[in-house]
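Undergrad: Have a peek at upload22.pdb (PDB, C-alpha atoms, pLDDT in the B column).
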```pdb
ATOM      1  CA  PHE N   1      -2.220  -8.963  -0.726  1.00 81.00           C
ATOM      2  CA  ALA N   2      -4.029 -10.421  -3.748  1.00 87.00           C
ATOM      3  CA  PHE N   3      -1.048 -12.690  -4.463  1.00 89.00           C
ATOM      4  CA  ILE N   4      -0.637 -13.840  -0.831  1.00 86.00           C
ATOM      5  CA  LEU N   5      -4.343 -14.477  -0.324  1.00 86.00           C
ATOM      6  CA  ALA N   6      -4.616 -16.345  -3.646  1.00 89.00           C
ATOM      7  CA  VAL N   7      -1.684 -18.626  -2.763  1.00 88.00           C
ATOM      8  CA  ARG N   8      -3.105 -19.315   0.689  1.00 86.00           C
ATOM      9  CA  ALA N   9      -6.465 -20.084  -0.904  1.00 88.00           C
ATOM     10  CA  GLY N  10      -4.855 -22.843  -2.966  1.00 88.00           C
ATOM     11  CA  VAL N  11      -4.248 -21.023  -6.249  1.00 91.00           C
ATOM     12  CA  ASN N  12      -1.098 -22.087  -8.064  1.00 91.00           C
ATOM     13  CA  PHE N  13       1.905 -19.942  -7.055  1.00 91.00           C
ATOM     14  CA  TRP N  14       2.672 -18.804 -10.609  1.00 92.00           C
ATOM     15  CA  VAL N  15      -0.966 -18.223 -11.576  1.00 94.00           C
ATOM     16  CA  ALA N  16      -1.397 -16.065  -8.488  1.00 92.00           C
ATOM     17  CA  MET N  17       1.756 -14.102  -9.335  1.00 93.00           C
ATOM     18  CA  PHE N  18       1.335 -13.595 -13.087  1.00 94.00           C
ATOM     19  CA  VAL N  19      -2.463 -13.515 -13.403  1.00 94.00           C
ATOM     20  CA  VAL N  20      -4.354 -12.860 -10.173  1.00 94.00           C
ATOM     21  CA  ALA N  21      -2.235 -10.043  -8.713  1.00 94.00           C
ATOM     22  CA  PRO N  22      -1.802  -8.010 -11.951  1.00 95.00           C
ATOM     23  CA  LEU N  23      -5.465  -8.457 -12.879  1.00 96.00           C
ATOM     24  CA  CYS N  24      -6.761  -7.371  -9.463  1.00 94.00           C
ATOM     25  CA  VAL N  25      -4.551  -4.283  -9.339  1.00 94.00           C
ATOM     26  CA  ALA N  26      -5.356  -3.426 -12.982  1.00 95.00           C
ATOM     27  CA  ILE N  27      -9.089  -3.446 -12.209  1.00 95.00           C
ATOM     28  CA  ILE N  28      -8.564  -1.234  -9.168  1.00 94.00           C
ATOM     29  CA  GLY N  29      -6.326   1.058 -11.242  1.00 93.00           C
ATOM     30  CA  VAL N  30      -8.907   1.495 -14.010  1.00 94.00           C
ATOM     31  CA  ILE N  31     -11.601   2.322 -11.433  1.00 94.00           C
ATOM     32  CA  ILE N  32      -9.339   4.892  -9.757  1.00 93.00           C
ATOM     33  CA  GLU N  33      -8.442   6.418 -13.121  1.00 93.00           C
ATOM     34  CA  ARG N  34     -12.070   6.821 -14.094  1.00 92.00           C
ATOM     35  CA  LEU N  35     -13.236   8.197 -10.753  1.00 92.00           C
ATOM     36  CA  ILE N  36     -10.290  10.394  -9.712  1.00 90.00           C
ATOM     37  CA  ILE N  37      -7.257  10.643 -11.989  1.00 89.00           C
ATOM     38  CA  ARG N  38      -9.220  11.404 -15.154  1.00 88.00           C
ATOM     39  CA  HIS N  39     -10.303  14.745 -13.703  1.00 88.00           C
ATOM     40  CA  LEU N  40      -6.757  15.776 -12.776  1.00 87.00           C
ATOM     41  CA  TYR N  41      -4.712  15.314 -15.949  1.00 83.00           C
ATOM     42  CA  GLY N  42      -2.426  18.282 -16.490  1.00 79.00           C
ATOM     43  CA  ARG N  43      -2.669  19.366 -12.837  1.00 84.00           C
ATOM     44  CA  ILE N  44       0.479  17.940 -11.294  1.00 80.00           C
ATOM     45  CA  VAL N  45       0.154  19.252  -7.744  1.00 84.00           C
ATOM     46  CA  GLU N  46      -3.485  18.212  -7.416  1.00 89.00           C
ATOM     47  CA  THR N  47      -2.669  14.769  -8.816  1.00 87.00           C
ATOM     48  CA  ILE N  48       0.137  14.245  -6.298  1.00 83.00           C
ATOM     49  CA  LEU N  49      -2.073  15.336  -3.409  1.00 88.00           C
ATOM     50  CA  ALA N  50      -4.996  13.198  -4.559  1.00 90.00           C
ATOM     51  CA  THR N  51      -2.938  10.051  -5.090  1.00 87.00           C
ATOM     52  CA  TRP N  52      -1.090  10.541  -1.799  1.00 86.00           C
ATOM     53  CA  GLY N  53      -4.378  10.900   0.058  1.00 90.00           C
ATOM     54  CA  LEU N  54      -5.739   7.864  -1.778  1.00 90.00           C
ATOM     55  CA  SER N  55      -2.678   5.832  -0.757  1.00 88.00           C
ATOM     56  CA  LEU N  56      -3.313   6.713   2.897  1.00 89.00           C
ATOM     57  CA  LEU N  57      -6.939   5.645   2.507  1.00 91.00           C
ATOM     58  CA  LEU N  58      -5.936   2.320   0.933  1.00 89.00           C
ATOM     59  CA  ILE N  59      -3.357   1.716   3.674  1.00 88.00           C
ATOM     60  CA  GLY N  60      -6.054   2.270   6.279  1.00 89.00           C
ATOM     61  CA  LEU N  61      -8.478  -0.056   4.508  1.00 89.00           C
ATOM     62  CA  ALA N  62      -5.829  -2.761   4.102  1.00 87.00           C
ATOM     63  CA  SER N  63      -4.913  -2.481   7.795  1.00 87.00           C
ATOM     64  CA  ALA N  64      -8.562  -2.769   8.823  1.00 88.00           C
ATOM     65  CA  VAL N  65      -9.346  -5.696   6.524  1.00 84.00           C
ATOM     66  CA  PHE N  66      -6.135  -7.758   6.618  1.00 80.00           C
ATOM     67  CA  GLY N  67      -4.585  -6.624   9.897  1.00 79.00           C
ATOM     68  CA  TYR N  68      -1.355  -4.803  10.548  1.00 78.00           C
ATOM     69  CA  TYR N  69       1.089  -7.682  10.405  1.00 77.00           C
ATOM     70  CA  GLN N  70       3.441  -9.088   7.806  1.00 78.00           C
ATOM     71  CA  MET N  71       2.155 -11.726   5.419  1.00 80.00           C
ATOM     72  CA  GLY N  72       4.375 -13.722   3.103  1.00 79.00           C
ATOM     73  CA  VAL N  73       5.156 -16.947   1.286  1.00 84.00           C
ATOM     74  CA  ARG N  74       8.419 -18.799   0.979  1.00 85.00           C
ATOM     75  CA  PRO N  75      10.417 -18.024  -2.184  1.00 87.00           C
ATOM     76  CA  PRO N  76      11.014 -21.023  -4.456  1.00 87.00           C
ATOM     77  CA  PHE N  77      14.212 -22.359  -6.087  1.00 86.00           C
ATOM     78  CA  GLY N  78      16.518 -22.504  -3.034  1.00 84.00           C
ATOM     79  CA  VAL N  79      19.964 -20.876  -2.925  1.00 87.00           C
ATOM     80  CA  VAL N  80      23.069 -20.721  -5.110  1.00 87.00           C
ATOM     81  CA  HIS N  81      26.673 -20.387  -3.926  1.00 86.00           C
ATOM     82  CA  ILE N  82      28.942 -17.796  -5.569  1.00 83.00           C
ATOM     83  CA  GLY N  83      32.428 -18.115  -4.095  1.00 82.00           C
ATOM     84  CA  ALA N  84      32.227 -17.512  -0.367  1.00 83.00           C
ATOM     85  CA  TYR N  85      28.746 -16.018  -0.655  1.00 84.00           C
ATOM     86  CA  GLN N  86      25.292 -17.414  -1.218  1.00 84.00           C
ATOM     87  CA  THR N  87      22.084 -15.857  -2.461  1.00 84.00           C
ATOM     88  CA  GLY N  88      18.628 -17.040  -3.353  1.00 87.00           C
ATOM     89  CA  VAL N  89      18.044 -18.222  -6.909  1.00 90.00           C
ATOM     90  CA  TYR N  90      14.766 -16.333  -6.704  1.00 91.00           C
ATOM     91  CA  THR N  91      16.773 -13.085  -6.753  1.00 89.00           C
ATOM     92  CA  PHE N  92      17.953 -13.911 -10.268  1.00 91.00           C
ATOM     93  CA  PHE N  93      14.372 -14.751 -11.183  1.00 93.00           C
ATOM     94  CA  VAL N  94      13.334 -11.244 -10.086  1.00 93.00           C
ATOM     95  CA  ILE N  95      16.055  -9.745 -12.296  1.00 91.00           C
ATOM     96  CA  GLY N  96      14.884 -11.883 -15.221  1.00 94.00           C
ATOM     97  CA  VAL N  97      11.268 -10.809 -14.766  1.00 95.00           C
ATOM     98  CA  ALA N  98      12.341  -7.144 -14.716  1.00 91.00           C
ATOM     99  CA  VAL N  99      14.328  -7.557 -17.949  1.00 92.00           C
ATOM    100  CA  VAL N 100      11.552  -9.433 -19.764  1.00 94.00           C
ATOM    101  CA  LEU N 101       8.921  -6.979 -18.560  1.00 93.00           C
ATOM    102  CA  GLY N 102      10.997  -3.995 -19.668  1.00 90.00           C
ATOM    103  CA  LEU N 103      11.589  -5.473 -23.110  1.00 92.00           C
ATOM    104  CA  GLY N 104       7.909  -6.377 -23.418  1.00 93.00           C
ATOM    105  CA  LEU N 105       6.781  -2.859 -22.587  1.00 91.00           C
ATOM    106  CA  TYR N 106       9.339  -1.415 -24.985  1.00 90.00           C
ATOM    107  CA  PHE N 107       8.045  -3.641 -27.791  1.00 93.00           C
ATOM    108  CA  LEU N 108       4.441  -2.707 -26.937  1.00 93.00           C
ATOM    109  CA  LEU N 109       5.140   1.023 -27.067  1.00 90.00           C
ATOM    110  CA  ARG N 110       7.505   1.063 -30.047  1.00 90.00           C
ATOM    111  CA  HIS N 111       6.298  -1.678 -32.381  1.00 92.00           C
ATOM    112  CA  THR N 112       2.502  -1.961 -32.048  1.00 94.00           C
ATOM    113  CA  PRO N 113      -0.355   0.240 -33.292  1.00 94.00           C
ATOM    114  CA  PHE N 114      -1.526   0.782 -29.718  1.00 94.00           C
ATOM    115  CA  GLY N 115       1.959   1.875 -28.685  1.00 93.00           C
ATOM    116  CA  LEU N 116       1.990   4.439 -31.495  1.00 94.00           C
ATOM    117  CA  ILE N 117      -1.404   5.765 -30.417  1.00 94.00           C
ATOM    118  CA  ALA N 118      -0.364   5.874 -26.751  1.00 93.00           C
ATOM    119  CA  ARG N 119       2.849   7.775 -27.514  1.00 91.00           C
ATOM    120  CA  GLY N 120       1.010  10.175 -29.786  1.00 92.00           C
ATOM    121  CA  THR N 121      -1.622  10.806 -27.122  1.00 92.00           C
ATOM    122  CA  MET N 122       1.075  11.443 -24.524  1.00 88.00           C
ATOM    123  CA  GLN N 123       2.818  13.960 -26.781  1.00 88.00           C
ATOM    124  CA  SER N 124      -0.326  15.816 -27.859  1.00 90.00           C
ATOM    125  CA  ALA N 125      -3.732  14.691 -26.646  1.00 90.00           C
ATOM    126  CA  PRO N 126      -5.635  17.391 -28.619  1.00 91.00           C
ATOM    127  CA  MET N 127      -3.972  16.336 -31.886  1.00 93.00           C
ATOM    128  CA  ALA N 128      -4.691  12.659 -31.165  1.00 92.00           C
ATOM    129  CA  ALA N 129      -8.333  13.507 -30.465  1.00 92.00           C
ATOM    130  CA  ALA N 130      -8.497  15.508 -33.703  1.00 93.00           C
ATOM    131  CA  LEU N 131      -7.322  12.407 -35.572  1.00 91.00           C
ATOM    132  CA  GLY N 132     -10.162  10.363 -34.097  1.00 91.00           C
ATOM    133  CA  VAL N 133      -8.424   8.739 -31.120  1.00 92.00           C
ATOM    134  CA  ASN N 134     -10.541   8.206 -28.014  1.00 93.00           C
ATOM    135  CA  VAL N 135      -8.119   9.880 -25.611  1.00 92.00           C
ATOM    136  CA  LYS N 136     -10.002   8.893 -22.463  1.00 92.00           C
ATOM    137  CA  HIS N 137      -9.993   5.264 -23.584  1.00 93.00           C
ATOM    138  CA  VAL N 138      -6.232   5.378 -24.190  1.00 94.00           C
ATOM    139  CA  TYR N 139      -5.668   6.933 -20.763  1.00 93.00           C
ATOM    140  CA  SER N 140      -7.700   4.176 -19.092  1.00 93.00           C
ATOM    141  CA  ILE N 141      -5.845   1.381 -20.882  1.00 94.00           C
ATOM    142  CA  THR N 142      -2.378   2.801 -20.212  1.00 94.00           C
ATOM    143  CA  PHE N 143      -3.221   3.496 -16.573  1.00 93.00           C
ATOM    144  CA  GLY N 144      -4.560  -0.042 -16.249  1.00 94.00           C
ATOM    145  CA  ILE N 145      -1.370  -1.459 -17.788  1.00 95.00           C
ATOM    146  CA  GLY N 146       0.713   0.583 -15.344  1.00 92.00           C
ATOM    147  CA  ALA N 147      -1.396  -0.673 -12.449  1.00 94.00           C
ATOM    148  CA  ALA N 148      -1.025  -4.268 -13.659  1.00 96.00           C
ATOM    149  CA  VAL N 149       2.756  -3.847 -13.821  1.00 94.00           C
ATOM    150  CA  SER N 150       2.798  -2.520 -10.257  1.00 91.00           C
ATOM    151  CA  GLY N 151       0.643  -5.461  -9.155  1.00 93.00           C
ATOM    152  CA  LEU N 152       3.057  -7.884 -10.792  1.00 95.00           C
ATOM    153  CA  ALA N 153       6.006  -6.104  -9.163  1.00 92.00           C
ATOM    154  CA  GLY N 154       4.376  -6.397  -5.748  1.00 90.00           C
ATOM    155  CA  ALA N 155       3.666 -10.084  -6.279  1.00 92.00           C
ATOM    156  CA  VAL N 156       7.229 -10.772  -7.454  1.00 93.00           C
ATOM    157  CA  PHE N 157       8.691  -8.984  -4.425  1.00 89.00           C
ATOM    158  CA  ALA N 158       6.282 -10.522  -1.902  1.00 89.00           C
ATOM    159  CA  PRO N 159       8.273 -13.760  -1.355  1.00 89.00           C
ATOM    160  CA  LEU N 160      11.402 -11.701  -0.658  1.00 86.00           C
ATOM    161  CA  THR N 161      10.055  -8.897   1.499  1.00 83.00           C
ATOM    162  CA  GLY N 162       6.666 -10.027   2.765  1.00 82.00           C
ATOM    163  CA  VAL N 163       3.609  -7.787   2.608  1.00 85.00           C
ATOM    164  CA  LEU N 164       2.454  -5.095   5.024  1.00 83.00           C
ATOM    165  CA  PRO N 165      -0.179  -2.394   4.463  1.00 84.00           C
ATOM    166  CA  ILE N 166       2.696   0.123   4.316  1.00 83.00           C
ATOM    167  CA  SER N 167       5.004  -1.974   2.114  1.00 81.00           C
ATOM    168  CA  GLY N 168       4.589   0.431  -0.792  1.00 81.00           C
ATOM    169  CA  LEU N 169       5.931   3.363   1.203  1.00 80.00           C
ATOM    170  CA  THR N 170       9.364   1.738   1.140  1.00 78.00           C
ATOM    171  CA  TYR N 171       9.595   2.225  -2.615  1.00 82.00           C
ATOM    172  CA  ILE N 172       7.796   5.546  -3.196  1.00 81.00           C
ATOM    173  CA  ALA N 173      10.857   7.751  -2.765  1.00 81.00           C
ATOM    174  CA  LYS N 174      13.055   5.439  -4.857  1.00 85.00           C
ATOM    175  CA  ALA N 175      10.466   5.250  -7.621  1.00 84.00           C
ATOM    176  CA  PHE N 176       9.983   9.022  -7.628  1.00 83.00           C
ATOM    177  CA  ILE N 177      13.726   9.688  -7.847  1.00 88.00           C
ATOM    178  CA  THR N 178      14.082   7.073 -10.596  1.00 88.00           C
ATOM    179  CA  VAL N 179      11.360   8.673 -12.718  1.00 84.00           C
ATOM    180  CA  ILE N 180      12.740  12.196 -12.228  1.00 87.00           C
ATOM    181  CA  LEU N 181      16.275  11.064 -13.111  1.00 87.00           C
ATOM    182  CA  GLY N 182      14.942   9.207 -16.160  1.00 84.00           C
ATOM    183  CA  GLY N 183      13.837  12.508 -17.673  1.00 80.00           C
ATOM    184  CA  ALA N 184      11.643  12.863 -20.740  1.00 73.00           C
ATOM    185  CA  LEU N 185      12.048   9.245 -21.919  1.00 76.00           C
ATOM    186  CA  PRO N 186       9.365   7.407 -19.924  1.00 74.00           C
ATOM    187  CA  LEU N 187      10.622   3.857 -20.491  1.00 80.00           C
ATOM    188  CA  THR N 188      14.262   3.843 -21.567  1.00 83.00           C
ATOM    189  CA  GLY N 189      15.067   6.745 -19.262  1.00 87.00           C
ATOM    190  CA  ALA N 190      13.491   4.997 -16.291  1.00 86.00           C
ATOM    191  CA  ALA N 191      15.280   1.748 -17.155  1.00 87.00           C
ATOM    192  CA  LEU N 192      18.678   3.450 -17.363  1.00 89.00           C
ATOM    193  CA  SER N 193      18.169   5.492 -14.194  1.00 91.00           C
ATOM    194  CA  SER N 194      16.963   2.450 -12.241  1.00 89.00           C
ATOM    195  CA  ALA N 195      20.004   0.465 -13.399  1.00 89.00           C
ATOM    196  CA  LEU N 196      22.300   3.302 -12.342  1.00 92.00           C
ATOM    197  CA  LEU N 197      20.671   3.876  -8.955  1.00 91.00           C
ATOM    198  CA  GLY N 198      20.413   0.147  -8.259  1.00 88.00           C
ATOM    199  CA  THR N 199      24.092  -0.363  -9.029  1.00 91.00           C
ATOM    200  CA  VAL N 200      25.125   2.546  -6.829  1.00 91.00           C
ATOM    201  CA  SER N 201      22.887   1.281  -4.012  1.00 87.00           C
ATOM    202  CA  GLN N 202      24.313  -2.230  -4.155  1.00 85.00           C
ATOM    203  CA  ILE N 203      27.933  -1.040  -4.310  1.00 90.00           C
ATOM    204  CA  THR N 204      27.544   1.307  -1.362  1.00 91.00           C
ATOM    205  CA  THR N 205      25.617  -1.309   0.648  1.00 85.00           C
ATOM    206  CA  PHE N 206      28.326  -3.895   0.008  1.00 81.00           C
TER     207      PHE N 206
END
```
Can you give me the file's structure in the form of structure tokens?
TA:
Amino acid sequence: FAFILAVRAGVNFWVAMFVVAPLCVAIIGVIIERLIIRHLYGRIVETILATWGLSLLLIGLASAVFGYYQMGVRPPFGVVHIGAYQTGVYTFFVIGVAVVLGLGLYFLLRHTPFGLIARGTMQSAPMAAALGVNVKHVYSITFGIGAAVSGLAGAVFAPLTGVLPISGLTYIAKAFITVILGGALPLTGAALSSALLGTVSQITTF
């Protein structure tokens, strides 16, 4: 909704997509982490219940504020012909954004001091705290980055799918299965499992 409303308010399409939407969702994510999630780390069932209930609350608020109808903008770039078929060029843009974003996150986690601290905190928060790391601060930053990525994903998909208050429900099951299949490797595992599941989905759909 942040992306759609920003575009309709006259903000540049790309600024709304790459700045406004991720920033708005990141701010909301940090607030949620501090008020709710922070008290539930290590309690999987309670976290699932709390976030599910929160999603229902946000859906209700979005429906009340924005209305229960689809909002969208036209995707740019036009179409490209591949043999007897045609598809939107924007689809390839989405793939490119996913690849660049994945590589960027990989570089952040594997080749920066913050990435080292974040991975160490994930593996053993007590040990990281003993070494002087502010664990709560790391949790807030990583949660905010995750929220920003989800905001960017929503903005990138908005021209293709439109936006409804329940748009996120379409992807919850797929995201959950992708993460579970990815296993213990949070980034490379998720990337490989999403590539596998996406390929299978496209082949069977075709």
Undergrad: Record the distance separating CA of Gly10 (chain N) and CA of Leu101 (chain N), expressed in Å with one decimal.
TA: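 Between these atoms lies a distance of 26.2 Å.
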Undergrad: Please compute the CA of Leu160 (chain N)-CA of Val79 (chain N) distance, one decimal, in Å.
TA: 12.8 Å
Undergrad: Taking (-8.8, 9.6, -29.3) in the coordinates of the supplied file, I want to know which residues reach to within 12 Å of it, counting all atoms listed in the file; could you give the answer as a PyMOL selection string?
TA: chain N and resi 114+117-122+124-140
Undergrad: Could you check how far CA of Ala2 (chain N) sits from CA of Phe176 (chain N), in Å to one decimal?
TA: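 Calculated distance between CA of Ala2 (chain N) and CA of Phe176 (chain N) is 24.3 Å.
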Undergrad: Would you write out, as an MDAnalysis selection string, every residue that the PyMOL selection byres ((chain N and resi 7) around 12) captures in this file?
TA: chainID N and resid 1:6 8:21 71:74 155 158:159
Undergrad: Determine the nearest neighbour of Ser194 (chain N) from the options N:Ala98, N:Leu54, N:Val149, N:Val163, counting all atoms listed in the file.
TA: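 Residue with the minimum atom-to-atom distance to Ser194 (chain N): N:Ala98.
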Undergrad: Do you know which residues are at most 12 Å from Val65 (chain N) counting only C-alpha atoms, after dropping those on the same chain fewer than 4 positions away, and could you put them as an MDAnalysis selection string?
TA: chainID N and resid 1 58:61 69 164:165
Undergrad: Smallest atom-to-atom distance to Gly104 (chain N): which of N:Thr205, N:Leu187, N:Ala195, N:Arg43, using only C-alpha atoms?
TA: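 That would be N:Leu187, the residue with the smallest distance to Gly104 (chain N).
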Undergrad: Do you know which residues are at most 12 Å from Ala175 (chain N) counting only C-alpha atoms, after dropping those on the same chain fewer than 3 positions away, and could you put them as a PyMOL selection string?
TA: chain N and resi 150+168-172+178-182+190-191+193-194+197-198
Undergrad: Which residues, protein or nucleic acid, reach to within 9 Å of (1.0, -5.2, -14.9) in the file's coordinates when using only C-alpha atoms, and can you give that as a ChimeraX atom specification?
TA: /N:18,21-23,25-26,101,144-153
Undergrad: Give the answer as one residue: which of N:Phe93, N:Phe157, N:His111, N:Val100 has the shortest atom-to-atom distance to Gly78 (chain N), using only C-alpha atoms?
TA: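 That would be N:Phe93, the residue with the smallest distance to Gly78 (chain N).
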Undergrad: Taking into account all atoms listed in the file, which residue in the set N:Ile82, N:Ile141, N:Ala173, N:Leu103 is nearest to Glu33 (chain N)?
TA: N:Ile141
Undergrad: Using only the atoms of region 52-68 of chain N listed in the file, plus 5 Å on each side, state the axis-aligned box centre and edge lengths in Å rounded to one decimal, as lines of an AutoDock Vina configuration file.
TA:
```
center_x = -5.2
center_y = 1.6
center_z = 4.4
size_x = 18.3
size_y = 28.7
size_z = 22.3
```
